[in-house]
Amino acid sequence: MMVKKGKNIILGVTASIAIYKTCELIRILRKCGFTVKVIMTKEAEELIRPVVFSSLSGNRVYRAGIFDEPDTWEIEHVALAREADLILIAPATANIIAKLATGICDDLLTCTVCASKADILIAPAMNEVMYNNKITQGNIAKLKSCGYKFIAPRKGTLACGNIGVGCLAEVEDIVKEVKNYL
């Protein structure tokens with residue numbers, strides 16, 4: 001199914017406890033008329049099975065390997081990058097932010113981001129200490145200077161039980177930002 005320009009979202013999903021919110025995010029984005037293709041990191045697959053995102057998105061889930069067996073002969077990360085009108089990473093861990101900031105392309109998600117001319121929108125979710133770490137904040141500043149956009153995490157109860165800034169932004173706020181870009 002070919003979708004109009006401005007409607008194709010590549011959704012990068014990383015290993016944060018907030019991953020469960022991605023299910024609702026996909027549902028709402030599709031309801032808004034967006035095509036959503038999910039790329040999961042290997043670590044994210046430890047938290048939720050790809051079949052969940054495949055069912056919700058109506059599309060194949062692209063997984064960690066860069067050179068998985070393709071459906072058609074294409075260089076997968078380049079093909080995904082080319083069709084993306086927006087790459088949204090939600091939830092985004094400190095790890096993926098650091099990899100992107102330093103240009104590390106060692107999985108399908110990082111290679112796709114690097115190969116894309118689309119806008120990149122990142123919604124961090126992590127422990128407050130990790131989020132406020134000088135290195136993480138430096139990586140965020142570096143990505144912002146390269147034109148990447150961020151949806152700030154909110155204050156709430158973190159996975160460790162502490163209350164602090166690091167919770168994934170509300171799904172409705174993420175959808176609102178996606179609509180602003182597209």
# chains A, B, ... in the order shown; residues from 1 in each chain; ligands from 1
$ select_by_dssp --residues "stretch 20-73 of chain A" --states "helix (DSSP H, G or I)" --output "VMD selection string"
chain A and resid 20 to 31 44 to 46 50 to 57
$ write_last_selection --atoms "N, CA and C atoms" --output "mmCIF file, in the first residue's frame"
data_model
loop_
_atom_site.group_PDB
_atom_site.id
_atom_site.type_symbol
_atom_site.label_atom_id
_atom_site.label_comp_id
_atom_site.auth_asym_id
_atom_site.auth_seq_id
_atom_site.Cartn_x
_atom_site.Cartn_y
_atom_site.Cartn_z
ATOM 1 N N TYR A 20 6.084 -0.446 26.605
ATOM 2 C CA TYR A 20 4.669 -0.814 26.548
ATOM 3 C C TYR A 20 3.813 0.330 26.010
ATOM 4 N N LYS A 21 4.246 1.575 26.197
ATOM 5 C CA LYS A 21 3.486 2.723 25.698
ATOM 6 C C LYS A 21 3.542 2.818 24.173
ATOM 7 N N THR A 22 4.511 2.157 23.582
ATOM 8 C CA THR A 22 4.656 2.190 22.134
ATOM 9 C C THR A 22 3.465 1.520 21.455
ATOM 10 N N CYS A 23 2.846 0.565 22.121
ATOM 11 C CA CYS A 23 1.662 -0.090 21.554
ATOM 12 C C CYS A 23 0.550 0.932 21.310
ATOM 13 N N GLU A 24 0.275 1.748 22.300
ATOM 14 C CA GLU A 24 -0.752 2.790 22.159
ATOM 15 C C GLU A 24 -0.328 3.844 21.141
ATOM 16 N N LEU A 25 0.952 4.177 21.121
ATOM 17 C CA LEU A 25 1.471 5.150 20.161
ATOM 18 C C LEU A 25 1.215 4.685 18.727
ATOM 19 N N ILE A 26 1.525 3.439 18.441
ATOM 20 C CA ILE A 26 1.299 2.897 17.096
ATOM 21 C C ILE A 26 -0.186 2.944 16.752
ATOM 22 N N ARG A 27 -1.021 2.528 17.671
ATOM 23 C CA ARG A 27 -2.465 2.514 17.428
ATOM 24 C C ARG A 27 -2.987 3.900 17.060
ATOM 25 N N ILE A 28 -2.570 4.915 17.811
ATOM 26 C CA ILE A 28 -3.049 6.274 17.556
ATOM 27 C C ILE A 28 -2.468 6.833 16.252
ATOM 28 N N LEU A 29 -1.210 6.587 15.995
ATOM 29 C CA LEU A 29 -0.605 7.070 14.738
ATOM 30 C C LEU A 29 -1.321 6.477 13.526
ATOM 31 N N ARG A 30 -1.640 5.204 13.582
ATOM 32 C CA ARG A 30 -2.368 4.583 12.468
ATOM 33 C C ARG A 30 -3.764 5.175 12.329
ATOM 34 N N LYS A 31 -4.411 5.427 13.465
ATOM 35 C CA LYS A 31 -5.751 6.029 13.443
ATOM 36 C C LYS A 31 -5.710 7.412 12.790
ATOM 37 N N ALA A 44 15.451 -4.402 22.725
ATOM 38 C CA ALA A 44 14.009 -4.179 22.843
ATOM 39 C C ALA A 44 13.246 -5.492 22.728
ATOM 40 N N GLU A 45 13.776 -6.412 21.925
ATOM 41 C CA GLU A 45 13.128 -7.710 21.753
ATOM 42 C C GLU A 45 13.151 -8.538 23.035
ATOM 43 N N GLU A 46 13.993 -8.154 23.973
ATOM 44 C CA GLU A 46 14.015 -8.833 25.266
ATOM 45 C C GLU A 46 12.809 -8.434 26.118
ATOM 46 N N PRO A 50 8.290 -8.960 18.738
ATOM 47 C CA PRO A 50 8.017 -8.204 17.510
ATOM 48 C C PRO A 50 6.606 -8.413 16.960
ATOM 49 N N VAL A 51 6.017 -9.581 17.174
ATOM 50 C CA VAL A 51 4.686 -9.866 16.649
ATOM 51 C C VAL A 51 3.651 -8.866 17.169
ATOM 52 N N VAL A 52 3.852 -8.329 18.358
ATOM 53 C CA VAL A 52 2.920 -7.339 18.911
ATOM 54 C C VAL A 52 2.919 -6.092 18.028
ATOM 55 N N PHE A 53 4.109 -5.602 17.697
ATOM 56 C CA PHE A 53 4.200 -4.395 16.868
ATOM 57 C C PHE A 53 3.775 -4.663 15.432
ATOM 58 N N SER A 54 4.011 -5.854 14.939
ATOM 59 C CA SER A 54 3.574 -6.223 13.594
ATOM 60 C C SER A 54 2.046 -6.194 13.520
ATOM 61 N N SER A 55 1.402 -6.768 14.519
ATOM 62 C CA SER A 55 -0.063 -6.783 14.558
ATOM 63 C C SER A 55 -0.638 -5.377 14.645
ATOM 64 N N LEU A 56 -0.039 -4.539 15.482
ATOM 65 C CA LEU A 56 -0.555 -3.186 15.669
ATOM 66 C C LEU A 56 -0.281 -2.275 14.479
ATOM 67 N N SER A 57 0.883 -2.428 13.850
ATOM 68 C CA SER A 57 1.250 -1.549 12.735
ATOM 69 C C SER A 57 0.705 -2.023 11.404
#
$ residues_around --residues "stretch 101-110 of chain A" --least-positions-apart "5" --cutoff "10 Å" --atoms "only C-alpha atoms" --output "PyMOL selection string"
chain A and resi 10-14+38-42+62-68+76-78+80-81+87+89+95-96+115+136+138-144+146
$ residues_around --residues "A:Gly166" --least-positions-apart "4" --cutoff "8 Å" --atoms "only C-alpha atoms" --output "CSV table (one decimal) with N, CA and C atoms, in the first residue's frame"
chain,number,residue,atom,x,y,z
A,124,PRO,N,13.2,10.5,24.7
A,124,PRO,CA,14.0,9.7,25.7
A,124,PRO,C,13.1,9.2,26.8
A,125,ALA,N,13.6,8.0,27.3
A,125,ALA,CA,13.0,7.4,28.5
A,125,ALA,C,14.1,6.6,29.2
A,126,MET,N,14.4,7.1,30.4
A,126,MET,CA,15.4,6.4,31.2
A,126,MET,C,15.4,6.9,32.7
A,127,ASN,N,16.2,6.4,33.5
A,127,ASN,CA,16.4,6.8,34.9
A,127,ASN,C,16.8,8.3,34.9
A,128,GLU,N,16.3,9.0,35.9
A,128,GLU,CA,16.7,10.4,36.0
A,128,GLU,C,18.2,10.7,36.0
A,131,TYR,N,19.5,10.3,32.6
A,131,TYR,CA,19.1,11.4,31.7
A,131,TYR,C,19.9,12.7,32.0
A,153,PRO,N,11.4,14.2,28.3
A,153,PRO,CA,10.7,13.2,29.2
A,153,PRO,C,10.0,14.0,30.3
A,154,ARG,N,9.1,13.4,30.9
A,154,ARG,CA,8.3,14.0,31.9
A,154,ARG,C,8.7,13.5,33.3
A,155,LYS,N,8.3,14.2,34.3
A,155,LYS,CA,8.5,13.8,35.7
A,155,LYS,C,7.4,12.8,36.1
A,156,GLY,N,7.9,11.7,36.8
A,156,GLY,CA,6.9,10.7,37.2
A,156,GLY,C,7.7,9.6,38.0
A,158,LEU,N,9.6,6.4,38.2
A,158,LEU,CA,10.5,5.7,37.3
A,158,LEU,C,10.5,4.2,37.6
$ closest_residue --among "A:Ala98, A:Ala84, A:Ala92, A:Cys32" --to "A:Cys167" --atoms "only C-alpha atoms"
A:Ala92
$ atom_distance --atom1 "atom CA of A:Val61" --atom2 "atom CA of A:Thr112"
13.9 Å
$ residues_around --residues "A:Leu88" --least-positions-apart "6" --cutoff "10 Å" --atoms "only C-alpha atoms" --output "list in words"
Ile9, Ile10, Leu11, Gly12, Val13, Val36, Val38, Val113, Ala118, Asp119, Ile120, Leu121, Ile122, Ala123, Lys149, Phe150, Ile174 and Val178 of chain A
$ select_by_dssp --residues "stretch 17-138 of chain A" --states "strand (DSSP E or B)" --output "list in words"
Thr35, Val36, Lys37, Val38, Ile39, Met40, Tyr62, Leu86, Ile87, Leu88, Ile89, Ala90, Pro91, Ala92, Asp119, Ile120, Leu121, Ile122, Ala123 and Pro124 of chain A
$ atom_distance --atom1 "atom CA of A:Val165" --atom2 "atom CA of A:Arg49"
27.3 Å
$ atom_distance --atom1 "atom CA of A:Ser145" --atom2 "atom CA of A:Thr35"
28.3 Å
$ closest_residue --among "A:Cys114, A:Leu182, A:Ala94, A:Leu168" --to "A:Ala18" --atoms "only C-alpha atoms"
A:Leu168
